[in-house]
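The file input.txt contains compact mmCIF, N, CA and C atoms:
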# COMPACT_ATOMS: atom_id res chain seq x y z
N MET A 206 109.41 58.81 57.85
CA MET A 206 108.66 57.61 57.57
C MET A 206 108.74 56.69 58.80
N ILE A 207 107.64 56.00 59.08
CA ILE A 207 107.56 55.12 60.24
C ILE A 207 108.09 53.75 59.88
N ASP A 208 108.98 53.25 60.71
CA ASP A 208 109.54 51.92 60.53
C ASP A 208 108.51 50.89 61.01
N ILE A 209 108.10 49.99 60.12
CA ILE A 209 107.11 48.99 60.46
C ILE A 209 107.59 48.10 61.60
N ASN A 210 108.85 47.71 61.58
CA ASN A 210 109.37 46.87 62.66
C ASN A 210 109.26 47.58 64.00
N TYR A 211 109.54 48.88 64.03
CA TYR A 211 109.41 49.64 65.26
C TYR A 211 107.95 49.67 65.71
N SER A 212 107.04 49.86 64.78
CA SER A 212 105.61 49.92 65.12
C SER A 212 105.14 48.61 65.73
N TRP A 213 105.56 47.50 65.15
CA TRP A 213 105.20 46.19 65.69
C TRP A 213 105.81 45.98 67.06
N ARG A 214 107.06 46.34 67.23
CA ARG A 214 107.72 46.21 68.53
C ARG A 214 106.98 47.01 69.59
N PHE A 215 106.65 48.27 69.23
CA PHE A 215 105.95 49.14 70.17
C PHE A 215 104.59 48.54 70.55
N ALA A 216 103.83 48.11 69.55
CA ALA A 216 102.50 47.55 69.82
C ALA A 216 102.58 46.29 70.67
N LEU A 217 103.50 45.40 70.33
CA LEU A 217 103.64 44.16 71.09
C LEU A 217 104.13 44.43 72.52
N CYS A 218 105.04 45.36 72.67
CA CYS A 218 105.51 45.71 74.01
C CYS A 218 104.37 46.31 74.84
N ALA A 219 103.57 47.17 74.23
CA ALA A 219 102.45 47.79 74.95
C ALA A 219 101.45 46.72 75.39
N LEU A 220 101.15 45.76 74.52
CA LEU A 220 100.24 44.67 74.89
C LEU A 220 100.82 43.82 76.01
N ALA A 221 102.10 43.53 75.93
CA ALA A 221 102.75 42.72 76.97
C ALA A 221 102.74 43.47 78.31
N ILE A 222 102.99 44.76 78.28
CA ILE A 222 102.97 45.56 79.51
C ILE A 222 101.58 45.52 80.12
N TRP A 223 100.55 45.71 79.29
CA TRP A 223 99.18 45.66 79.80
C TRP A 223 98.91 44.29 80.43
N ARG A 224 99.31 43.23 79.74
CA ARG A 224 99.01 41.88 80.23
C ARG A 224 99.68 41.60 81.56
N ILE A 225 100.95 41.96 81.69
CA ILE A 225 101.68 41.71 82.93
C ILE A 225 101.12 42.56 84.07
N ALA A 226 100.87 43.85 83.80
CA ALA A 226 100.33 44.72 84.84
C ALA A 226 98.94 44.27 85.27
N HIS A 227 98.13 43.84 84.30
CA HIS A 227 96.78 43.36 84.63
C HIS A 227 96.86 42.09 85.47
N LEU A 228 97.75 41.19 85.11
CA LEU A 228 97.93 39.96 85.88
C LEU A 228 98.32 40.28 87.32
N LEU A 229 99.27 41.17 87.50
CA LEU A 229 99.77 41.48 88.84
C LEU A 229 98.76 42.27 89.68
N ALA A 230 98.02 43.16 89.06
CA ALA A 230 97.13 44.04 89.82
C ALA A 230 95.71 43.50 89.96
N ARG A 231 95.23 42.73 88.98
CA ARG A 231 93.80 42.39 88.97
C ARG A 231 93.46 40.90 89.02
N GLU A 232 94.43 40.03 88.87
CA GLU A 232 94.13 38.60 88.77
C GLU A 232 94.79 37.83 89.91
N ASN A 233 94.30 36.62 90.13
CA ASN A 233 94.88 35.76 91.16
C ASN A 233 96.07 34.98 90.64
N GLY A 234 96.13 34.77 89.33
CA GLY A 234 97.23 34.03 88.73
C GLY A 234 97.02 32.53 88.83
N PRO A 235 97.86 31.79 88.16
CA PRO A 235 97.73 30.33 88.23
C PRO A 235 98.01 29.84 89.65
N TRP A 236 97.16 28.91 90.11
CA TRP A 236 97.28 28.35 91.46
C TRP A 236 97.27 29.44 92.53
N ASP A 237 96.65 30.57 92.23
CA ASP A 237 96.55 31.71 93.16
C ASP A 237 97.90 32.25 93.61
N LEU A 238 98.93 32.07 92.78
CA LEU A 238 100.27 32.52 93.15
C LEU A 238 100.34 34.04 93.31
N ILE A 239 99.72 34.76 92.39
CA ILE A 239 99.77 36.24 92.45
C ILE A 239 98.98 36.73 93.66
N GLU A 240 97.85 36.11 93.93
CA GLU A 240 97.06 36.49 95.09
C GLU A 240 97.86 36.27 96.39
N ARG A 241 98.55 35.15 96.48
CA ARG A 241 99.37 34.87 97.67
C ARG A 241 100.54 35.85 97.77
N LEU A 242 101.15 36.18 96.64
CA LEU A 242 102.24 37.16 96.64
C LEU A 242 101.72 38.52 97.13
N ARG A 243 100.57 38.93 96.59
CA ARG A 243 99.98 40.20 96.98
C ARG A 243 99.67 40.21 98.48
N ALA A 244 99.12 39.10 99.00
CA ALA A 244 98.80 39.01 100.43
C ALA A 244 100.07 39.04 101.28
N SER A 245 101.13 38.38 100.82
CA SER A 245 102.37 38.35 101.60
C SER A 245 103.05 39.72 101.66
N LEU A 246 102.82 40.54 100.66
CA LEU A 246 103.42 41.88 100.66
C LEU A 246 102.69 42.84 101.59
N GLY A 247 101.46 42.49 101.96
CA GLY A 247 100.71 43.27 102.94
C GLY A 247 100.33 44.66 102.45
N SER A 248 100.28 45.58 103.40
CA SER A 248 99.85 46.94 103.07
C SER A 248 101.01 47.92 103.01
N GLY A 249 102.22 47.39 102.87
CA GLY A 249 103.39 48.26 102.73
C GLY A 249 103.46 48.85 101.33
N VAL A 250 104.56 49.46 101.03
CA VAL A 250 104.74 50.11 99.72
C VAL A 250 104.59 49.11 98.58
N LEU A 251 105.25 47.95 98.69
CA LEU A 251 105.16 46.95 97.62
C LEU A 251 103.76 46.36 97.51
N GLY A 252 103.09 46.16 98.64
CA GLY A 252 101.73 45.65 98.62
C GLY A 252 100.77 46.61 97.94
N ARG A 253 100.91 47.90 98.25
CA ARG A 253 100.07 48.91 97.60
C ARG A 253 100.41 49.03 96.11
N LEU A 254 101.69 48.87 95.79
CA LEU A 254 102.10 48.92 94.38
C LEU A 254 101.43 47.81 93.59
N MET A 255 101.32 46.62 94.17
CA MET A 255 100.71 45.48 93.48
C MET A 255 99.22 45.69 93.24
N ASP A 256 98.60 46.62 93.94
CA ASP A 256 97.18 46.89 93.76
C ASP A 256 96.92 48.02 92.77
N CYS A 257 97.97 48.70 92.33
CA CYS A 257 97.80 49.87 91.46
C CYS A 257 98.25 49.55 90.04
N PHE A 258 97.29 49.37 89.15
CA PHE A 258 97.61 49.05 87.77
C PHE A 258 98.50 50.13 87.14
N TYR A 259 98.16 51.40 87.38
CA TYR A 259 98.87 52.49 86.72
C TYR A 259 100.34 52.57 87.14
N SER A 260 100.60 52.37 88.42
CA SER A 260 101.99 52.36 88.89
C SER A 260 102.75 51.17 88.32
N LEU A 261 102.10 50.01 88.31
CA LEU A 261 102.74 48.82 87.74
C LEU A 261 103.07 49.02 86.27
N SER A 262 102.13 49.57 85.50
CA SER A 262 102.40 49.75 84.07
C SER A 262 103.55 50.73 83.86
N PHE A 263 103.65 51.73 84.73
CA PHE A 263 104.74 52.70 84.63
C PHE A 263 106.09 52.03 84.86
N LEU A 264 106.16 51.18 85.87
CA LEU A 264 107.43 50.49 86.18
C LEU A 264 107.75 49.39 85.17
N ILE A 265 106.74 48.64 84.77
CA ILE A 265 106.95 47.52 83.85
C ILE A 265 107.34 48.02 82.46
N SER A 266 106.93 49.22 82.10
CA SER A 266 107.23 49.74 80.76
C SER A 266 108.67 50.25 80.63
N LEU A 267 109.39 50.39 81.73
CA LEU A 267 110.77 50.88 81.65
C LEU A 267 111.71 49.95 80.88
N PRO A 268 111.79 48.65 81.19
CA PRO A 268 112.71 47.79 80.43
C PRO A 268 112.46 47.76 78.92
N PRO A 269 111.19 47.62 78.46
CA PRO A 269 110.99 47.68 77.01
C PRO A 269 111.37 49.04 76.41
N ALA A 270 111.12 50.10 77.16
CA ALA A 270 111.48 51.43 76.65
C ALA A 270 112.99 51.56 76.51
N ILE A 271 113.74 51.01 77.45
CA ILE A 271 115.20 51.03 77.35
C ILE A 271 115.64 50.23 76.13
N TRP A 272 115.04 49.06 75.94
CA TRP A 272 115.38 48.18 74.82
C TRP A 272 115.12 48.86 73.47
N MET A 273 114.06 49.65 73.38
CA MET A 273 113.67 50.25 72.11
C MET A 273 114.35 51.60 71.85
N SER A 274 115.01 52.17 72.82
CA SER A 274 115.50 53.54 72.71
C SER A 274 116.98 53.60 72.34
N SER A 275 117.31 54.69 71.65
CA SER A 275 118.70 54.93 71.32
C SER A 275 119.20 56.27 71.87
N SER A 276 118.32 57.00 72.56
CA SER A 276 118.73 58.26 73.19
C SER A 276 117.89 58.47 74.45
N TRP A 277 118.34 59.40 75.28
CA TRP A 277 117.60 59.69 76.52
C TRP A 277 116.21 60.23 76.23
N MET A 278 116.09 61.06 75.20
CA MET A 278 114.78 61.63 74.88
C MET A 278 113.83 60.54 74.39
N GLN A 279 114.34 59.65 73.54
CA GLN A 279 113.50 58.53 73.09
C GLN A 279 113.08 57.67 74.28
N LEU A 280 114.00 57.43 75.18
CA LEU A 280 113.68 56.63 76.36
C LEU A 280 112.52 57.25 77.15
N LEU A 281 112.62 58.53 77.42
CA LEU A 281 111.58 59.21 78.18
C LEU A 281 110.23 59.14 77.47
N VAL A 282 110.22 59.46 76.19
CA VAL A 282 108.97 59.48 75.42
C VAL A 282 108.38 58.08 75.31
N GLN A 283 109.21 57.10 75.00
CA GLN A 283 108.71 55.73 74.84
C GLN A 283 108.25 55.14 76.17
N TRP A 284 108.93 55.46 77.23
CA TRP A 284 108.53 54.98 78.54
C TRP A 284 107.13 55.47 78.87
N LEU A 285 106.92 56.77 78.71
CA LEU A 285 105.60 57.33 78.99
C LEU A 285 104.54 56.82 78.02
N ALA A 286 104.90 56.70 76.74
CA ALA A 286 103.94 56.25 75.73
C ALA A 286 103.53 54.80 75.95
N LEU A 287 104.48 53.93 76.26
CA LEU A 287 104.13 52.52 76.50
C LEU A 287 103.21 52.39 77.71
N SER A 288 103.52 53.11 78.77
CA SER A 288 102.66 53.07 79.95
C SER A 288 101.29 53.65 79.63
N ALA A 289 101.24 54.72 78.86
CA ALA A 289 99.96 55.34 78.50
C ALA A 289 99.09 54.39 77.68
N VAL A 290 99.68 53.67 76.74
CA VAL A 290 98.90 52.72 75.94
C VAL A 290 98.35 51.61 76.85
N ALA A 291 99.16 51.12 77.76
CA ALA A 291 98.68 50.10 78.70
C ALA A 291 97.53 50.64 79.55
N CYS A 292 97.64 51.87 80.00
CA CYS A 292 96.57 52.49 80.80
C CYS A 292 95.30 52.66 79.97
N LEU A 293 95.44 53.07 78.73
CA LEU A 293 94.28 53.20 77.85
C LEU A 293 93.61 51.85 77.61
N LEU A 294 94.41 50.81 77.41
CA LEU A 294 93.85 49.47 77.25
C LEU A 294 93.09 49.04 78.51
N GLU A 295 93.65 49.34 79.66
CA GLU A 295 92.98 48.98 80.91
C GLU A 295 91.64 49.70 81.04
N ARG A 296 91.64 51.00 80.74
CA ARG A 296 90.38 51.76 80.80
C ARG A 296 89.37 51.24 79.80
N ALA A 297 89.82 50.90 78.60
CA ALA A 297 88.91 50.36 77.59
C ALA A 297 88.33 49.03 78.04
N MET A 298 89.15 48.18 78.64
CA MET A 298 88.66 46.89 79.11
C MET A 298 87.69 47.05 80.28
N GLN A 299 87.92 48.03 81.14
CA GLN A 299 86.99 48.27 82.24
C GLN A 299 85.63 48.71 81.69
N GLY A 300 85.64 49.56 80.67
CA GLY A 300 84.39 49.99 80.04
C GLY A 300 83.68 48.83 79.37
N TRP A 301 84.44 47.98 78.70
CA TRP A 301 83.84 46.83 78.04
C TRP A 301 83.23 45.88 79.06
N GLN A 302 83.94 45.66 80.17
CA GLN A 302 83.43 44.75 81.19
C GLN A 302 82.15 45.29 81.83
N ARG A 303 82.05 46.61 82.00
CA ARG A 303 80.83 47.19 82.56
C ARG A 303 79.65 46.99 81.62
N SER A 304 79.90 47.09 80.32
CA SER A 304 78.79 46.96 79.37
C SER A 304 78.49 45.51 79.00
N HIS A 305 79.35 44.58 79.36
CA HIS A 305 79.15 43.17 79.07
C HIS A 305 79.25 42.36 80.37
N ARG A 306 78.36 42.64 81.28
CA ARG A 306 78.37 41.94 82.57
C ARG A 306 78.18 40.45 82.36
N VAL A 307 79.02 39.68 82.99
CA VAL A 307 78.89 38.23 82.95
C VAL A 307 78.27 37.80 84.28
N ILE A 308 77.15 37.11 84.17
CA ILE A 308 76.45 36.66 85.37
C ILE A 308 76.98 35.28 85.75
N PRO A 309 77.46 35.14 86.98
CA PRO A 309 77.97 33.82 87.38
C PRO A 309 76.86 32.77 87.36
N VAL A 310 77.21 31.59 86.95
CA VAL A 310 76.26 30.49 86.88
C VAL A 310 76.63 29.48 87.96
N SER A 311 75.63 29.05 88.70
CA SER A 311 75.91 28.09 89.78
C SER A 311 76.19 26.72 89.21
N ALA A 312 76.92 25.93 89.97
CA ALA A 312 77.26 24.56 89.54
C ALA A 312 76.01 23.71 89.42
N SER A 313 75.03 23.94 90.31
CA SER A 313 73.80 23.13 90.24
C SER A 313 73.04 23.43 88.95
N TYR A 314 73.03 24.69 88.53
CA TYR A 314 72.38 25.03 87.26
C TYR A 314 73.09 24.36 86.10
N LEU A 315 74.44 24.39 86.11
CA LEU A 315 75.19 23.73 85.04
C LEU A 315 74.92 22.23 85.02
N ASP A 316 74.81 21.62 86.20
CA ASP A 316 74.50 20.19 86.26
C ASP A 316 73.14 19.91 85.62
N LYS A 317 72.18 20.79 85.85
CA LYS A 317 70.85 20.61 85.26
C LYS A 317 70.91 20.75 83.75
N VAL A 318 71.66 21.77 83.27
CA VAL A 318 71.76 22.01 81.83
C VAL A 318 72.49 20.85 81.15
N ILE A 319 73.60 20.44 81.71
CA ILE A 319 74.38 19.36 81.11
C ILE A 319 73.60 18.04 81.21
N GLY A 320 72.93 17.85 82.33
CA GLY A 320 72.19 16.62 82.52
C GLY A 320 70.85 16.59 81.79
N GLY A 321 70.45 17.73 81.21
CA GLY A 321 69.19 17.79 80.46
C GLY A 321 67.98 18.06 81.33
N GLY A 322 68.20 18.57 82.55
CA GLY A 322 67.07 18.82 83.45
C GLY A 322 66.35 20.12 83.18
N VAL A 323 66.92 21.03 82.39
CA VAL A 323 66.29 22.34 82.16
C VAL A 323 65.66 22.36 80.81
Final structure tokens representation of the file:
Amino acid sequence: MIDINYSWRFALCALAIWRIAHLLARENGPWDLIERLRASLGSGVLGRLMDCFYSLSFLISLPPAIWMSSSWMQLLVQWLALSAVACLLERAMQGWQRSHRVIPVSASYLDKVIGGGV
């Protein structure tokens, strides 16, 4: 029988892993802190790591997997499973973004709309 508490922990950890990996690999972060960190790391190993969502999710999923595991086999399986769920979420979001393109709106257009000019 599946423990509901375990299922919730697993799901929440997988979502958190996706969010952190996505922030580090794909976003600039608040006040462009992540972008500056990524630029400061350059093109070395750590810099390339920051650009790879899949590698980040693999590394970020290790601490939650350790926390949730009670044996070496559980650790291995949960580590891979948490990273896999994060990777699946990333792929799903990429597909959603392709099918729901957001067209940037210029500030002048917004001024016209807000000001009642359109």
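With atom CA of Trp213 of chain A on one side and atom CA of Val282 of chain A on the other, the separation reads 16.9 Å.
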Calculated over only C-alpha atoms, which of the candidates A:Pro268, A:Ile319, A:Gly300, A:Ser276 has the smallest distance to Cys218 of chain A? A:Pro268
Could you pull out all residues of chain A with a DSSP call of alpha helix (DSSP H) and give them as a ChimeraX atom specification? /A:209-231,238-246,250-256,258-265,267-273,277-304,312-320
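What separates atom C of Phe258 of chain A from atom CA of Asn210 of chain A is a distance of 27.0 Å.
Our summary of the geometry notes that atom CA of His227 of chain A is positioned 8.5 Å from atom CA of Ser262 of chain A.
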7 Å contact set for Arg224 of chain A, only N, CA and C atoms, chain neighbours under 5 positions out, as a PyMOL selection string: chain A and resi 219+229+291
I'd like the neighbourhood of Val290 of chain A as a short mmCIF file (atom, residue, chain, number, x, y, z; two decimals) with N, CA and C atoms, in the coordinates of the input, where a residue qualifies if any of its atoms comes within 9 Å (using only C-alpha atoms), though same-chain residues fewer than 4 positions away should be ignored.
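Now in selection.cif:
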data_model
loop_
_atom_site.label_atom_id
_atom_site.label_comp_id
_atom_site.auth_asym_id
_atom_site.auth_seq_id
_atom_site.Cartn_x
_atom_site.Cartn_y
_atom_site.Cartn_z
N ALA A 216 103.83 48.11 69.55
CA ALA A 216 102.50 47.55 69.82
C ALA A 216 102.58 46.29 70.67
N ALA A 219 103.57 47.17 74.23
CA ALA A 219 102.45 47.79 74.95
C ALA A 219 101.45 46.72 75.39
N LEU A 220 101.15 45.76 74.52
CA LEU A 220 100.24 44.67 74.89
C LEU A 220 100.82 43.82 76.01
N ILE A 222 102.99 44.76 78.28
CA ILE A 222 102.97 45.56 79.51
C ILE A 222 101.58 45.52 80.12
N TRP A 223 100.55 45.71 79.29
CA TRP A 223 99.18 45.66 79.80
C TRP A 223 98.91 44.29 80.43
N LEU A 285 106.92 56.77 78.71
CA LEU A 285 105.60 57.33 78.99
C LEU A 285 104.54 56.82 78.02
N ALA A 286 104.90 56.70 76.74
CA ALA A 286 103.94 56.25 75.73
C ALA A 286 103.53 54.80 75.95
N LEU A 294 94.41 50.81 77.41
CA LEU A 294 93.85 49.47 77.25
C LEU A 294 93.09 49.04 78.51
N GLU A 295 93.65 49.34 79.66
CA GLU A 295 92.98 48.98 80.91
C GLU A 295 91.64 49.70 81.04
#
